[in-house]
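Student: My structure is below; once you've seen it, I'll send some questions.
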Amino acid sequence: MKNHISIRNVNAFYGEHQALKDITVGIPEKQITAIIGPSGCGKSTLLKCFNRLIDLTDGARVSGKIIVDGMDVLDGSIDVTEVRRRMGLLPQKPNPLPMSIYDNVAYGPRLHGTADKKKLDQTVEKYLKIAGLWEEVKDRLKSPANKLSIGQQQRLCLARGLAVEPEIILCDEPTSALDPVSSQHIEQQLLKLKNDYTIVIVTHNIHQAIRLADYVIHLYLGELVEHGTANEVFENPKEERTRAYINGTLVTDMKTDSEVNLKGNVCPFNFVYAKQALHTLEKGKILKLIVDDPTAVIEVPRGMEADGHEVLSVKQVNKTDWEIMIRKNE
Ligand SMILES: Nc1ncnc2c1ncn2[C@@H]1O[C@H](COP(=O)(O)OP(=O)(O)OP(=O)(O)O)[C@@H](O)[C@H]1O
Ligand SMILES: [Mg+2]
């Protein structure tokens, strides 16, 4: 399989914090690659390196190479506008421009010099059709985009992104703000689009990754844990950590032997209390921790692994809370 994006030895830092550690991996052409892993593992950071959106974050530094069609995206001398034109981004929350449905889709083509009304009409229709929205909006193209439902707005954003004719579509949790039916719409469009586009999707949702992905990249604490075809990774992962992550995420109510609510605590107390809780358990038992301190989401699993315990899953359960499942080993 020919790679469309080749990532070589990519390291990314936010100030002192290293968010990506020596990532080398390929993204095959005209396939869907899912980037999976717990919150904070670097999924969005990797995506933002592809289209250099990371340049907009103060204090962020990236090294290594990201080769797209022979061009190194990370090379300081390349034209960033051209890089972004080649890669459409579908964000987590739909962000329609404050203008009509029509103008949203026509925005990119106009910016790139298309002024002919008839041509624009055709372009708008074409991409609204590809995004699966045409039938729902064809009679109200001049009405404001923000009158659409959230799910429709996300398909409009897809149409707007496609109208500048990218080769690659980057999606960061594109359905996490959507209801199940709207999510299904977006998933169906992505499956159709992979015939013509290379697609990279970041998702928390293992079920979504199973439905969509041809290839999977598993990140954990900024490192590449595993990369392979979706079959390999989901059916027979090479790495125990991948198996643990997938199982931990799939098993919705894993049998726990003890549960500790650490909400309201900060680090390092989270870690200290978690250690105490584990101390009272026998080897092999499973402890569930509930934390709401973003630092704990990274530091507690890291510390537990350093102590030799097994981190089975790290899962965001609502806006503020995470569940960390740990199997006692020592
Ligand atoms: N602008 C920033 N400044 C400082 N640190 C950041 C910034 N953005 C991200 N980070 C840190 O870099 C790490 C990776 O973040 P990233 O957003 O890539 O994770 P993610 O896997 O996308 O997580 P999520 O699933 O929660 O979206 C995290 O530890 C995060 O706290
Ligand atoms: Mg993210």
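Scheme for the structure tokens: letters A, B, ... for chains in order shown; per-chain residue numbers from 1; ligand numbers from 1 in order shown.
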Show me which residues sit within 8 Å of ligand 1 when counting only C-alpha atoms and all ligand atoms, and put them as a VMD selection string.
Tutor: chain A and resid 13 to 15 17 to 20 36 to 46 57 to 60 173 202 to 204 219 221 to 222 294 to 295 298
Student: List the spatial neighbours of region 238-245 of chain A as a ChimeraX atom specification - criterion: any atom at most 7 Å away, only C-alpha atoms, same-chain residues fewer than 5 positions off excluded.
Tutor: /A:218,226,312-313
Student: Could you give me, as a ChimeraX atom specification, the residues within 12 Å of region 233-237 of chain A, counting only C-alpha atoms and dropping anything in the same chain fewer than 4 positions from it?
Tutor: /A:33-36,206-207,209-211,213-218,225-229,241-247,250
Student: Those same residues - N, CA and C atoms - I'd like them written as a JSON list (two decimals), in the first residue's frame.
Tutor:
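After the write, again37.json holds the following:
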```
[["chain", "number", "residue", "atom", "x", "y", "z"],
["A", 33, "THR", "N", -7.38, 5.84, 8.13],
["A", 33, "THR", "CA", -6.51, 5.52, 9.26],
["A", 33, "THR", "C", -7.09, 6.15, 10.51],
["A", 34, "ALA", "N", -7.31, 5.34, 11.53],
["A", 34, "ALA", "CA", -7.82, 5.87, 12.80],
["A", 34, "ALA", "C", -6.67, 6.00, 13.78],
["A", 35, "ILE", "N", -6.63, 7.17, 14.44],
["A", 35, "ILE", "CA", -5.66, 7.35, 15.53],
["A", 35, "ILE", "C", -6.43, 7.18, 16.83],
["A", 36, "ILE", "N", -6.06, 6.16, 17.60],
["A", 36, "ILE", "CA", -6.77, 5.90, 18.85],
["A", 36, "ILE", "C", -5.82, 6.01, 20.04],
["A", 206, "ILE", "N", -13.86, 3.42, 20.19],
["A", 206, "ILE", "CA", -13.31, 2.22, 19.57],
["A", 206, "ILE", "C", -14.32, 1.61, 18.59],
["A", 207, "HIS", "N", -15.60, 1.69, 18.95],
["A", 207, "HIS", "CA", -16.62, 1.14, 18.05],
["A", 207, "HIS", "C", -16.57, 1.86, 16.71],
["A", 209, "ALA", "N", -13.95, 3.37, 15.44],
["A", 209, "ALA", "CA", -12.72, 2.97, 14.76],
["A", 209, "ALA", "C", -12.92, 1.61, 14.09],
["A", 210, "ILE", "N", -13.60, 0.70, 14.78],
["A", 210, "ILE", "CA", -13.84, -0.63, 14.20],
["A", 210, "ILE", "C", -14.72, -0.50, 12.95],
["A", 211, "ARG", "N", -15.71, 0.39, 13.01],
["A", 211, "ARG", "CA", -16.61, 0.55, 11.85],
["A", 211, "ARG", "C", -15.89, 1.17, 10.66],
["A", 213, "ALA", "N", -12.18, 2.10, 10.28],
["A", 213, "ALA", "CA", -10.74, 2.12, 9.96],
["A", 213, "ALA", "C", -10.28, 0.96, 9.09],
["A", 214, "ASP", "N", -9.37, 1.28, 8.17],
["A", 214, "ASP", "CA", -8.60, 0.25, 7.46],
["A", 214, "ASP", "C", -7.28, 0.04, 8.17],
["A", 215, "TYR", "N", -6.74, 1.13, 8.71],
["A", 215, "TYR", "CA", -5.48, 1.08, 9.46],
["A", 215, "TYR", "C", -5.67, 1.77, 10.80],
["A", 216, "VAL", "N", -4.88, 1.36, 11.78],
["A", 216, "VAL", "CA", -5.01, 1.94, 13.11],
["A", 216, "VAL", "C", -3.63, 2.32, 13.65],
["A", 217, "ILE", "N", -3.59, 3.49, 14.27],
["A", 217, "ILE", "CA", -2.39, 3.93, 14.99],
["A", 217, "ILE", "C", -2.80, 4.07, 16.45],
["A", 218, "HIS", "N", -2.11, 3.35, 17.34],
["A", 218, "HIS", "CA", -2.42, 3.46, 18.76],
["A", 218, "HIS", "C", -1.31, 4.26, 19.44],
["A", 225, "VAL", "N", 2.41, 3.08, 20.08],
["A", 225, "VAL", "CA", 2.42, 1.75, 20.68],
["A", 225, "VAL", "C", 2.32, 0.70, 19.58],
["A", 226, "GLU", "N", 1.41, 0.94, 18.64],
["A", 226, "GLU", "CA", 1.18, -0.07, 17.62],
["A", 226, "GLU", "C", 0.58, 0.57, 16.37],
["A", 227, "HIS", "N", 0.94, 0.00, 15.23],
["A", 227, "HIS", "CA", 0.37, 0.44, 13.96],
["A", 227, "HIS", "C", 0.16, -0.79, 13.10],
["A", 228, "GLY", "N", -0.98, -0.88, 12.46],
["A", 228, "GLY", "CA", -1.21, -2.03, 11.59],
["A", 228, "GLY", "C", -2.57, -1.91, 10.93],
["A", 229, "THR", "N", -2.94, -2.96, 10.20],
["A", 229, "THR", "CA", -4.27, -2.94, 9.61],
["A", 229, "THR", "C", -5.29, -3.07, 10.74],
["A", 241, "ARG", "N", -0.45, -3.54, 25.53],
["A", 241, "ARG", "CA", -1.09, -2.27, 25.86],
["A", 241, "ARG", "C", -2.25, -1.95, 24.92],
["A", 242, "THR", "N", -2.10, -2.37, 23.67],
["A", 242, "THR", "CA", -3.20, -2.15, 22.71],
["A", 242, "THR", "C", -4.39, -3.03, 23.09],
["A", 243, "ARG", "N", -4.10, -4.29, 23.40],
["A", 243, "ARG", "CA", -5.17, -5.21, 23.81],
["A", 243, "ARG", "C", -5.90, -4.64, 25.03],
["A", 244, "ALA", "N", -5.10, -4.14, 25.97],
["A", 244, "ALA", "CA", -5.69, -3.61, 27.20],
["A", 244, "ALA", "C", -6.56, -2.39, 26.90],
["A", 245, "TYR", "N", -6.06, -1.53, 26.04],
["A", 245, "TYR", "CA", -6.83, -0.32, 25.72],
["A", 245, "TYR", "C", -8.14, -0.69, 25.02],
["A", 246, "ILE", "N", -8.05, -1.56, 24.04],
["A", 246, "ILE", "CA", -9.25, -1.93, 23.29],
["A", 246, "ILE", "C", -10.24, -2.65, 24.19],
["A", 247, "ASN", "N", -9.76, -3.64, 24.93],
["A", 247, "ASN", "CA", -10.66, -4.37, 25.82],
["A", 247, "ASN", "C", -11.23, -3.45, 26.89],
["A", 250, "LEU", "N", -13.83, -1.36, 25.37],
["A", 250, "LEU", "CA", -15.00, -2.07, 24.88],
["A", 250, "LEU", "C", -15.85, -2.62, 26.02]]
```
Student: Find the residue from A:Ile78, A:Leu148, A:Ile201, A:Leu120 that sits nearest to ligand 2; use only C-alpha atoms and all ligand atoms when measuring.
Tutor: A:Ile201
Student: If we count only C-alpha atoms and set the cut-off at 8 Å, which residues sit around region 91-105 of chain A, ignoring sequence neighbours fewer than 6 positions away in its own chain? Please answer as a list in words.
Tutor: Val124, Tyr127, Leu128, Arg140, Leu141, Lys142, Ser143, Pro144, Ala145, Asn146, Ile150, Gln153, Gln154, Leu156, Cys157, Ala159, Arg160, Gly161, Ala163, Cys171, Asp172, Glu173, Pro174, Thr175, Ser176 and Ala177 of chain A
Student: Quick check for you: according to DSSP on this backbone, which residues of region 7-195 of chain A are classed as alpha helix (DSSP H)? Reply as a ChimeraX atom specification.
Tutor: /A:43-50,80-86,101-111,117-130,134-137,150-162,180-193
Student: Return the single residue from A:Glu167, A:Asp75, A:Asn11, A:Gly26 that is closest to Val62 (chain A), with distances computed using only C-alpha atoms.
Tutor: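 Of A:Glu167, A:Asp75, A:Asn11, A:Gly26, the one nearest Val62 (chain A) is A:Asn11, counting only C-alpha atoms.
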Student: Excluding region 258-272 of chain A and its own-chain neighbours fewer than 4 positions away, which residues fall within 10 Å of it when counting only C-alpha atoms? Please give them as a VMD selection string.
Tutor: chain A and resid 276 to 278 280 to 281 285 to 297 299 to 304 320 to 325
Student: For each of A:His4, A:Lys147, A:Lys48, A:Lys328, take the minimum atom-to-atom distance to ligand 2, counting only C-alpha atoms and all ligand atoms, then give the residue where this is smallest.
Tutor: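 With only C-alpha atoms and all ligand atoms as the atom set, the closest residue is A:Lys48.
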Student: As an exercise, work out the distance from CA of Ile186 (chain A) to CA of Ile32 (chain A) in Å and give it to one decimal place.
Tutor: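 Separation between CA of Ile186 (chain A) and CA of Ile32 (chain A): 13.5 Å.
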Student: Could you tell me how far CA of Cys49 (chain A) sits from CA of Met71 (chain A), in Å to one decimal place?
Tutor: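 Taking CA of Met71 (chain A) and CA of Cys49 (chain A), their separation equals 14.0 Å.
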Student: CA of Gly88 (chain A) to CA of Gln31 (chain A): how many Å, to one decimal?
Tutor: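 Computing the Euclidean distance for CA of Gly88 (chain A) and CA of Gln31 (chain A) yields 15.3 Å.
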Student: Assign secondary structure with DSSP using the backbone only, and return the residues of region 66-221 of chain A in strand (DSSP E or B) as a ChimeraX atom specification.
Tutor: /A:66-68,71-72,87-90,100,144,168-172,198-202,215-220
Student: Print the selection's residues with N, CA and C atoms to a file, as a PDB file, in the first residue's frame.
Tutor:
```pdb
ATOM      1  N   ILE A  66       7.569  15.205   7.891  1.00  0.00           N
ATOM      2  CA  ILE A  66       6.268  14.674   7.475  1.00  0.00           C
ATOM      3  C   ILE A  66       6.187  14.884   5.968  1.00  0.00           C
ATOM      4  N   ILE A  67       6.366  13.786   5.233  1.00  0.00           N
ATOM      5  CA  ILE A  67       6.451  13.898   3.776  1.00  0.00           C
ATOM      6  C   ILE A  67       5.081  13.619   3.151  1.00  0.00           C
ATOM      7  N   VAL A  68       4.596  14.594   2.377  1.00  0.00           N
ATOM      8  CA  VAL A  68       3.342  14.433   1.632  1.00  0.00           C
ATOM      9  C   VAL A  68       3.670  14.688   0.165  1.00  0.00           C
ATOM     10  N   MET A  71       6.937  16.278  -0.481  1.00  0.00           N
ATOM     11  CA  MET A  71       7.216  17.588   0.123  1.00  0.00           C
ATOM     12  C   MET A  71       7.224  17.429   1.645  1.00  0.00           C
ATOM     13  N   ASP A  72       8.221  18.003   2.307  1.00  0.00           N
ATOM     14  CA  ASP A  72       8.258  17.927   3.768  1.00  0.00           C
ATOM     15  C   ASP A  72       7.442  19.077   4.366  1.00  0.00           C
ATOM     16  N   MET A  87      -5.105  19.564   2.715  1.00  0.00           N
ATOM     17  CA  MET A  87      -5.652  18.777   3.824  1.00  0.00           C
ATOM     18  C   MET A  87      -6.859  19.475   4.429  1.00  0.00           C
ATOM     19  N   GLY A  88      -8.045  18.981   4.127  1.00  0.00           N
ATOM     20  CA  GLY A  88      -9.244  19.550   4.731  1.00  0.00           C
ATOM     21  C   GLY A  88      -9.328  19.093   6.175  1.00  0.00           C
ATOM     22  N   LEU A  89      -9.745  19.993   7.053  1.00  0.00           N
ATOM     23  CA  LEU A  89      -9.873  19.610   8.466  1.00  0.00           C
ATOM     24  C   LEU A  89     -11.328  19.649   8.886  1.00  0.00           C
ATOM     25  N   LEU A  90     -11.790  18.537   9.423  1.00  0.00           N
ATOM     26  CA  LEU A  90     -13.136  18.498   9.981  1.00  0.00           C
ATOM     27  C   LEU A  90     -12.992  18.510  11.497  1.00  0.00           C
ATOM     28  N   SER A 100     -24.434  32.431   4.648  1.00  0.00           N
ATOM     29  CA  SER A 100     -25.441  31.459   4.211  1.00  0.00           C
ATOM     30  C   SER A 100     -24.808  30.089   3.952  1.00  0.00           C
ATOM     31  N   PRO A 144     -29.161  31.331   6.677  1.00  0.00           N
ATOM     32  CA  PRO A 144     -27.903  31.289   7.439  1.00  0.00           C
ATOM     33  C   PRO A 144     -27.532  29.870   7.874  1.00  0.00           C
ATOM     34  N   ILE A 168      -6.436  15.088   1.203  1.00  0.00           N
ATOM     35  CA  ILE A 168      -6.435  14.404   2.493  1.00  0.00           C
ATOM     36  C   ILE A 168      -7.505  15.042   3.375  1.00  0.00           C
ATOM     37  N   ILE A 169      -8.252  14.224   4.098  1.00  0.00           N
ATOM     38  CA  ILE A 169      -9.229  14.763   5.046  1.00  0.00           C
ATOM     39  C   ILE A 169      -8.792  14.366   6.454  1.00  0.00           C
ATOM     40  N   LEU A 170      -8.613  15.380   7.287  1.00  0.00           N
ATOM     41  CA  LEU A 170      -8.233  15.138   8.681  1.00  0.00           C
ATOM     42  C   LEU A 170      -9.453  15.391   9.552  1.00  0.00           C
ATOM     43  N   CYS A 171      -9.813  14.444  10.402  1.00  0.00           N
ATOM     44  CA  CYS A 171     -10.986  14.625  11.261  1.00  0.00           C
ATOM     45  C   CYS A 171     -10.574  14.393  12.706  1.00  0.00           C
ATOM     46  N   ASP A 172     -10.857  15.369  13.558  1.00  0.00           N
ATOM     47  CA  ASP A 172     -10.545  15.215  14.980  1.00  0.00           C
ATOM     48  C   ASP A 172     -11.841  15.025  15.752  1.00  0.00           C
ATOM     49  N   THR A 198      -7.566  10.365   1.059  1.00  0.00           N
ATOM     50  CA  THR A 198      -6.900   9.720   2.194  1.00  0.00           C
ATOM     51  C   THR A 198      -7.502  10.336   3.450  1.00  0.00           C
ATOM     52  N   ILE A 199      -7.963   9.504   4.362  1.00  0.00           N
ATOM     53  CA  ILE A 199      -8.677  10.029   5.535  1.00  0.00           C
ATOM     54  C   ILE A 199      -7.965   9.614   6.827  1.00  0.00           C
ATOM     55  N   VAL A 200      -7.770  10.591   7.694  1.00  0.00           N
ATOM     56  CA  VAL A 200      -7.228  10.298   9.025  1.00  0.00           C
ATOM     57  C   VAL A 200      -8.261  10.756  10.036  1.00  0.00           C
ATOM     58  N   ILE A 201      -8.677   9.855  10.896  1.00  0.00           N
ATOM     59  CA  ILE A 201      -9.685  10.222  11.893  1.00  0.00           C
ATOM     60  C   ILE A 201      -9.167   9.930  13.296  1.00  0.00           C
ATOM     61  N   VAL A 202      -9.239  10.951  14.138  1.00  0.00           N
ATOM     62  CA  VAL A 202      -8.927  10.782  15.559  1.00  0.00           C
ATOM     63  C   VAL A 202     -10.229  10.425  16.251  1.00  0.00           C
ATOM     64  N   TYR A 215      -6.743   1.129   8.713  1.00  0.00           N
ATOM     65  CA  TYR A 215      -5.477   1.079   9.458  1.00  0.00           C
ATOM     66  C   TYR A 215      -5.669   1.774  10.796  1.00  0.00           C
ATOM     67  N   VAL A 216      -4.878   1.361  11.776  1.00  0.00           N
ATOM     68  CA  VAL A 216      -5.012   1.941  13.110  1.00  0.00           C
ATOM     69  C   VAL A 216      -3.634   2.315  13.650  1.00  0.00           C
ATOM     70  N   ILE A 217      -3.587   3.494  14.272  1.00  0.00           N
ATOM     71  CA  ILE A 217      -2.389   3.929  14.990  1.00  0.00           C
ATOM     72  C   ILE A 217      -2.798   4.070  16.452  1.00  0.00           C
ATOM     73  N   HIS A 218      -2.110   3.348  17.336  1.00  0.00           N
ATOM     74  CA  HIS A 218      -2.418   3.465  18.762  1.00  0.00           C
ATOM     75  C   HIS A 218      -1.313   4.263  19.441  1.00  0.00           C
ATOM     76  N   LEU A 219      -1.691   5.395  20.016  1.00  0.00           N
ATOM     77  CA  LEU A 219      -0.736   6.230  20.754  1.00  0.00           C
ATOM     78  C   LEU A 219      -1.010   6.088  22.243  1.00  0.00           C
ATOM     79  N   TYR A 220       0.059   6.186  23.017  1.00  0.00           N
ATOM     80  CA  TYR A 220      -0.114   6.193  24.468  1.00  0.00           C
ATOM     81  C   TYR A 220       0.989   7.059  25.060  1.00  0.00           C
TER      82      TYR A 220
END
```
Student: Quick one: of A:Leu191, A:Leu47, A:Asp116, A:Ala274, who's nearest to ligand 2, counting only C-alpha atoms and all ligand atoms?
Tutor: A:Leu47
Student: Can you pull out every residue within 8 Å of Leu133 (chain A), counting only C-alpha atoms, but drop anything in the same chain fewer than 3 positions away, and send it as a list in words?
Tutor: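 Counting only the stated atoms, we get Leu128, Lys129, Ile130, Glu136, Val137, Gln152, Arg155 and Leu156 of chain A.
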Student: Restrict the selected residues to N, CA and C atoms and save them as a PDB file, in the first residue's frame.
Tutor:
```
ATOM      1  N   LEU A 128     -22.180  19.716  -1.642  1.00  0.00           N
ATOM      2  CA  LEU A 128     -23.275  19.435  -0.703  1.00  0.00           C
ATOM      3  C   LEU A 128     -23.809  18.019  -0.933  1.00  0.00           C
ATOM      4  N   LYS A 129     -23.779  17.575  -2.182  1.00  0.00           N
ATOM      5  CA  LYS A 129     -24.208  16.205  -2.480  1.00  0.00           C
ATOM      6  C   LYS A 129     -23.229  15.205  -1.889  1.00  0.00           C
ATOM      7  N   ILE A 130     -21.937  15.459  -2.107  1.00  0.00           N
ATOM      8  CA  ILE A 130     -20.922  14.529  -1.586  1.00  0.00           C
ATOM      9  C   ILE A 130     -21.020  14.444  -0.064  1.00  0.00           C
ATOM     10  N   GLU A 136     -31.440  18.010   1.876  1.00  0.00           N
ATOM     11  CA  GLU A 136     -32.024  18.699   3.028  1.00  0.00           C
ATOM     12  C   GLU A 136     -31.966  20.218   2.914  1.00  0.00           C
ATOM     13  N   VAL A 137     -31.082  20.750   2.078  1.00  0.00           N
ATOM     14  CA  VAL A 137     -30.903  22.211   2.070  1.00  0.00           C
ATOM     15  C   VAL A 137     -31.103  22.878   0.713  1.00  0.00           C
ATOM     16  N   GLN A 152     -26.298  18.726  10.768  1.00  0.00           N
ATOM     17  CA  GLN A 152     -26.264  19.302   9.411  1.00  0.00           C
ATOM     18  C   GLN A 152     -25.074  20.253   9.277  1.00  0.00           C
ATOM     19  N   ARG A 155     -22.020  18.353   8.472  1.00  0.00           N
ATOM     20  CA  ARG A 155     -21.944  17.947   7.063  1.00  0.00           C
ATOM     21  C   ARG A 155     -21.640  19.158   6.173  1.00  0.00           C
ATOM     22  N   LEU A 156     -22.155  20.338   6.573  1.00  0.00           N
ATOM     23  CA  LEU A 156     -21.832  21.555   5.823  1.00  0.00           C
ATOM     24  C   LEU A 156     -20.315  21.833   5.911  1.00  0.00           C
TER      25      LEU A 156
END
```
